[in-house]
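Here is the structure we will look at, set down as structure tokens.
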Amino acid sequence: MFGYRVPAPDEAMLISGGRRGLGGAPFRVVTGHGKFVVPFFRKTRFLSLAMCESEVTETCVTKQGIALHVRAVIAFKVGNDAESIINAGQRFLSDQDQMSVLTGRIFAGHLRAIIGSMTVEEIVTERQKLAAEVLDTSKMEMAKIGLIVDSLQIQSIDDGDTGYIDAMSAPHKAAIQRQAQIAQAQATQAAVEAEQEAARRQAEFARQTAVVKAEYSAEVDRAEAQAAQAGPLAQAHAQQEVLDAQTELAQRQALLRQKQLVSEVVKPAEAEAERVRILAAAEAQRMKIQAEAAASYDRVALDRMLIDQLPQIVKEAAGGLAGANVNVLNGADGLGEIAAGLVSQGLTILDSVRQNLGGQDSEGNRDEQQPRDNGLLQLSARCEKKSDDGPVDVD
């Protein structure tokens, strides 16, 4: 629209003519909105509020008298408040590039003053402190011209050919180099150890793989061998079972046959043998009883016959003495002895006959003969007694 002006976001619109601005300024300041400006009666100008940059390269002498070449960069702009805009507009509106030149000169002066109060070691090691002190000392001067500093960066510090900074940094460089060498050696050692560990793991993996393959191969071989032996083993087991069954059947048949033989042959034979033995024992007992009875009867009869014939035997013996020429020296005693001898001979003959006829030596037989012998002895004694008294009557 004709006569309506609007400043950019990073600009301040300065309207001159008509009423005066704030604090008696020759213009009014408009920011952030538009304004209707009467043509021909009002004049508008624009002041940049954007960030500006100023570079400072200065040779400064330290407290130790060592010259240092310092390079710094200042970032600044016009303040956003109306007073800063008025101060900056009054000074730089016609030539806004002068803001960078003036700012560089202001900071160069403050930089030389502050570096002159510090040593090289402080400047090198405390750059942030140097920048903060320069900002503090220049803040008021920059505010007077409507500028504010956002940052100050020390780009470089160089002592030229003096070599002071290099000498100062030599121990640190050596330490750094030593640390670098140590780190490199450690890194190399770690790399070697890692390679050795990797080789060991590969060897271990190869060994385990070989072991697994060998075990798998052995297992496959065992399985194949078992599969190959399964048929013959099964056939052998089947044949063995058949043989076991046949053997068991044969044993049962043999046991059954044995029982049959026992029941058919042995038992009857044993029964028959027992019957025969019993019959034989009974017959033997019967015959023994009969023999004992017969022998007892025969002995009794024989003894009786012999006893009956004994007087005749003695008589015949005495008759033999009748024709003999016998001289008896001791009278009646001698005659008794002769009679006793005759009786004794008779008894001897009786015993011989008895033995020849099958006499028994058992206690029972001797017991049965003892009365008869006693009778003969009594008879002999009577003969001896008769001989003492006188002639013996044999009849």
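Residue numbering restarts at 1 in every chain; chains get A, B, ... in the order shown in the structure tokens, and ligands count up from 1 in that same order.
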
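Assigned to strand (DSSP E or B) in range 104-246 of chain A, given DSSP computed from backbone atoms, are Leu147, Ile148, Val149, Asp150, Ser151, Leu152, Gln153, Ile154, Gln155, Ser156, Ile157 and Asp158 of chain A.
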
| request: Using backbone DSSP assignments, extract all helix (DSSP H, G or I) residues from range 10-245 of chain A; output them as a ChimeraX atom specification. | output: /A:22-24,82-92,98-115,120-125,127-144,164-245

List every residue of range 157-254 of chain A that has an atom at most 12 Å from any atom of range 124-140 of chain A, and for each one report the closest atom pair and its distance in Å to one decimal, counting only C-alpha atoms, with rows sorted by chain and then by increasing residue number, as a Markdown table.
```
| residue | atom | partner | partner_atom | distance |
| --- | --- | --- | --- | --- |
| A:Ile157 | CA | A:Val124 | CA | 7.4 |
| A:Asp158 | CA | A:Val124 | CA | 9.6 |
| A:Asp159 | CA | A:Val124 | CA | 10.8 |
| A:Tyr164 | CA | A:Val124 | CA | 11.2 |
| A:Ile165 | CA | A:Val124 | CA | 8.3 |
| A:Asp166 | CA | A:Val124 | CA | 11.3 |
| A:Met168 | CA | A:Val124 | CA | 10.0 |
| A:Ser169 | CA | A:Val124 | CA | 10.1 |
```

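With only C-alpha atoms taken into account, the protein and nucleic acid residues at most 7 Å from range 39-55 of chain A (excluding it and anything under 4 positions from it in its own chain) are Gly3, Asp10, Glu11, Ala12, Met13, Leu14, Ile15, Ser16, Gly17, Gly18, Ala72, Val73, Ile74, Ala75, Phe76, Lys77, Val78, Gly89, Leu93, Ser100, Thr103 and Gly104 of chain A.
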
Could you dump the residues just selected with N, CA and C atoms as a compact mmCIF listing (two decimals), in the first residue's frame?
```txt
# COMPACT_ATOMS: atom_id res chain seq x y z
N GLY A 3 2.69 4.29 0.96
CA GLY A 3 2.97 5.00 2.19
C GLY A 3 3.06 4.10 3.43
N ASP A 10 14.94 -8.78 10.97
CA ASP A 10 16.26 -8.45 11.53
C ASP A 10 16.64 -7.00 11.20
N GLU A 11 15.64 -6.16 11.09
CA GLU A 11 15.89 -4.74 10.81
C GLU A 11 15.07 -3.86 11.75
N ALA A 12 15.58 -2.68 11.90
CA ALA A 12 14.84 -1.64 12.65
C ALA A 12 14.57 -0.49 11.67
N MET A 13 13.30 -0.07 11.63
CA MET A 13 12.92 1.03 10.71
C MET A 13 13.00 2.35 11.47
N LEU A 14 13.79 3.25 10.90
CA LEU A 14 14.00 4.57 11.51
C LEU A 14 13.23 5.60 10.67
N ILE A 15 12.27 6.27 11.33
CA ILE A 15 11.43 7.26 10.63
C ILE A 15 11.83 8.64 11.13
N SER A 16 12.31 9.41 10.22
CA SER A 16 12.71 10.78 10.58
C SER A 16 11.71 11.77 9.99
N GLY A 17 11.64 12.94 10.60
CA GLY A 17 10.66 13.97 10.18
C GLY A 17 9.47 13.91 11.12
N GLY A 18 8.84 14.94 11.27
CA GLY A 18 7.70 14.96 12.18
C GLY A 18 8.16 14.95 13.62
N ALA A 72 41.93 -13.34 16.78
CA ALA A 72 40.66 -13.54 17.48
C ALA A 72 39.52 -13.15 16.56
N VAL A 73 38.35 -13.72 16.86
CA VAL A 73 37.14 -13.44 16.09
C VAL A 73 36.07 -12.99 17.07
N ILE A 74 35.41 -11.83 16.75
CA ILE A 74 34.35 -11.27 17.61
C ILE A 74 33.03 -11.35 16.85
N ALA A 75 32.00 -11.90 17.53
CA ALA A 75 30.64 -11.93 16.98
C ALA A 75 29.82 -10.91 17.75
N PHE A 76 29.25 -9.93 17.04
CA PHE A 76 28.51 -8.83 17.69
C PHE A 76 27.31 -8.46 16.83
N LYS A 77 26.44 -7.61 17.38
CA LYS A 77 25.26 -7.11 16.69
C LYS A 77 24.75 -5.86 17.41
N VAL A 78 23.79 -5.18 16.76
CA VAL A 78 23.14 -4.03 17.37
C VAL A 78 22.16 -4.55 18.40
N GLY A 89 22.25 3.70 15.34
CA GLY A 89 21.75 4.39 14.15
C GLY A 89 22.42 5.74 13.98
N LEU A 93 24.40 4.41 10.75
CA LEU A 93 23.32 4.28 9.80
C LEU A 93 23.77 4.60 8.38
N SER A 100 32.10 -3.18 12.06
CA SER A 100 33.11 -4.24 12.17
C SER A 100 34.50 -3.64 12.35
N THR A 103 34.71 -2.16 15.91
CA THR A 103 34.71 -3.24 16.91
C THR A 103 36.07 -3.92 16.95
N GLY A 104 36.69 -4.19 15.80
CA GLY A 104 38.01 -4.82 15.77
C GLY A 104 39.06 -3.96 16.44
```

| field | Pairwise distance for CA of Gln258 in chain A and CA of Glu270 in chain A, rounded to one decimal in Å | value | 15.4 Å

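Once Phe36 in chain A and its same-chain neighbours fewer than 4 positions away are set aside, Phe2, Gly3, Tyr4, Arg5 and Val6 of chain A remain within 9 Å of it when counting only C-alpha atoms.
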
N, CA, C and O atoms of the current selection, written as a tab-separated table (two decimals), in the first residue's frame:
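Printed below is again-v3.tsv as written:
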```
chain	number	residue	atom	x	y	z
A	2	PHE	N	0.51	2.20	-0.73
A	2	PHE	CA	1.30	3.42	-0.87
A	2	PHE	C	1.41	4.13	0.48
A	2	PHE	O	0.41	4.42	1.12
A	3	GLY	N	2.69	4.29	0.96
A	3	GLY	CA	2.97	5.00	2.19
A	3	GLY	C	3.06	4.10	3.43
A	3	GLY	O	3.43	4.58	4.51
A	4	TYR	N	2.74	2.79	3.29
A	4	TYR	CA	2.80	1.89	4.44
A	4	TYR	C	4.08	1.07	4.34
A	4	TYR	O	4.30	0.34	3.38
A	5	ARG	N	4.97	1.17	5.37
A	5	ARG	CA	6.27	0.50	5.34
A	5	ARG	C	6.36	-0.49	6.49
A	5	ARG	O	5.91	-0.25	7.62
A	6	VAL	N	7.03	-1.63	6.19
A	6	VAL	CA	7.18	-2.71	7.19
A	6	VAL	C	8.65	-3.12	7.20
A	6	VAL	O	9.21	-3.47	6.16
```
